[in-house]
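Here is the structure we will look at, set down as structure tokens.
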Amino acid sequence: MTLLTSAPVDLRAAFRRAASSAWVVTGRSTDGGPVGFTAISIVSVSVEPPLVTFNISRTSSSLATISRSRRAALHLLSDEQSALATRFAKDRSLRFVDDGTWSYGDDGLPELHDVVTRLSTEVVDLVEAGDSYIAVARVEETVGADLSPLVHHDGGYRHVPKTPRQGA
């Protein structure tokens, strides 16, 4: 095994080698405006109670809204949604254009259409962690579709071929 070293520590380069699911986290401000960002840090931490975590940067334009409202919707993007992942990672003024890709869900949060999974959550804790916060969120509702997920790897988005489930 070849050891990769660098000084100082370059976590972006190290984690570029990992494949991660591509998500968009959305919220809604008290004035009704939508916020959201692309995330590759969604992790299931507990089945009972149903808890997940996601990271949110201290400089995120969505932080104040999610911190105040304590609500977020997490959308696992399908392999057809790389443009949406890119859009939510860039200019915040262009994230919620009126193009039919989103609407408000029954929970009042922005809902992206045609995703693999949508988790409606209550943020129960925000833990300081370096230049970010770790949001701990209780999942209140899940909705899913039989689609293939979008994966982020080596700085880009990738398709994962759908495979039959074992025992199905």
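Lettering and numbering for the structure tokens are positional, with chains as A, B, ... in the shown order, residues counted from 1 in each chain, and ligands counted from 1 in the shown order.
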
* Could you name the residues that touch stretch 62-75 of chain A at 10 Å or less, counting only C-alpha atoms, but leaving out those on the same chain fewer than 3 positions away, as number ranges by chain? -> A: 22-31, 33-39, 42, 52, 54, 56-59, 78, 92, 105, 107-126, 132-133, 135, 137-144

Backbone DSSP call of helix (DSSP H, G or I) for chain A, listed as a CSV table (one decimal) with N, CA and C atoms, in the first residue's frame:
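Writing the result to selection-v9.csv gives the following:
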```
chain,number,residue,atom,x,y,z
A,11,LEU,N,-8.1,17.3,4.0
A,11,LEU,CA,-9.2,16.4,4.0
A,11,LEU,C,-10.0,16.3,2.7
A,12,ARG,N,-10.1,17.4,2.0
A,12,ARG,CA,-10.8,17.4,0.7
A,12,ARG,C,-10.2,16.4,-0.2
A,13,ALA,N,-8.9,16.4,-0.3
A,13,ALA,CA,-8.3,15.4,-1.2
A,13,ALA,C,-8.5,14.0,-0.7
A,14,ALA,N,-8.4,13.8,0.6
A,14,ALA,CA,-8.6,12.4,1.2
A,14,ALA,C,-10.0,11.9,0.9
A,15,PHE,N,-11.0,12.7,1.2
A,15,PHE,CA,-12.4,12.3,1.0
A,15,PHE,C,-12.8,12.3,-0.4
A,16,ARG,N,-12.1,12.9,-1.3
A,16,ARG,CA,-12.4,12.8,-2.7
A,16,ARG,C,-12.4,11.4,-3.2
A,63,LEU,N,-27.9,28.2,7.2
A,63,LEU,CA,-27.7,27.9,8.7
A,63,LEU,C,-28.7,28.7,9.6
A,64,ALA,N,-28.8,29.9,9.4
A,64,ALA,CA,-29.7,30.7,10.3
A,64,ALA,C,-31.2,30.2,10.2
A,65,THR,N,-31.6,29.9,9.0
A,65,THR,CA,-33.0,29.4,8.9
A,65,THR,C,-33.2,28.0,9.5
A,66,ILE,N,-32.3,27.1,9.3
A,66,ILE,CA,-32.4,25.8,9.9
A,66,ILE,C,-32.2,25.8,11.4
A,67,SER,N,-31.3,26.7,11.8
A,67,SER,CA,-31.1,26.8,13.3
A,67,SER,C,-32.3,27.4,14.0
A,68,ARG,N,-33.0,28.4,13.4
A,68,ARG,CA,-34.2,29.0,14.0
A,68,ARG,C,-35.4,28.1,13.9
A,69,SER,N,-35.7,27.6,12.7
A,69,SER,CA,-36.9,26.8,12.5
A,69,SER,C,-36.8,25.4,13.0
A,82,SER,N,-28.1,15.2,-11.4
A,82,SER,CA,-26.7,15.8,-11.2
A,82,SER,C,-26.8,17.3,-11.4
A,83,ALA,N,-27.6,17.8,-12.3
A,83,ALA,CA,-27.7,19.2,-12.5
A,83,ALA,C,-28.3,19.9,-11.3
A,84,LEU,N,-29.3,19.2,-10.6
A,84,LEU,CA,-29.9,19.8,-9.4
A,84,LEU,C,-28.8,19.8,-8.2
A,85,ALA,N,-28.0,18.8,-8.1
A,85,ALA,CA,-27.0,18.8,-7.1
A,85,ALA,C,-26.0,19.9,-7.4
A,86,THR,N,-25.6,20.1,-8.6
A,86,THR,CA,-24.7,21.3,-8.9
A,86,THR,C,-25.4,22.6,-8.6
A,87,ARG,N,-26.6,22.7,-9.0
A,87,ARG,CA,-27.4,24.0,-8.8
A,87,ARG,C,-27.4,24.4,-7.3
A,92,ARG,N,-26.9,30.8,-4.4
A,92,ARG,CA,-28.1,30.6,-3.7
A,92,ARG,C,-29.3,31.3,-4.3
A,93,SER,N,-29.1,32.3,-5.1
A,93,SER,CA,-30.3,33.0,-5.7
A,93,SER,C,-30.9,32.2,-6.8
A,94,LEU,N,-30.2,31.2,-7.3
A,94,LEU,CA,-30.6,30.4,-8.4
A,94,LEU,C,-31.1,29.0,-8.0
```

* To do: Can you pull out every residue within 6 Å of A:Val151, counting only C-alpha atoms, but drop anything in the same chain fewer than 4 positions away, and send it as a PyMOL selection string?
  => chain A and resi 20-22+157-158

* Using the chain letters and numbers from this document, which residues of stretch 2-155 of chain A does DSSP assign to strand (DSSP E), as a ChimeraX atom specification? -> /A:20-21,23-28,34-39,43-46,51-57,71-76,102-104,110-112,117-129,132-144,150-153
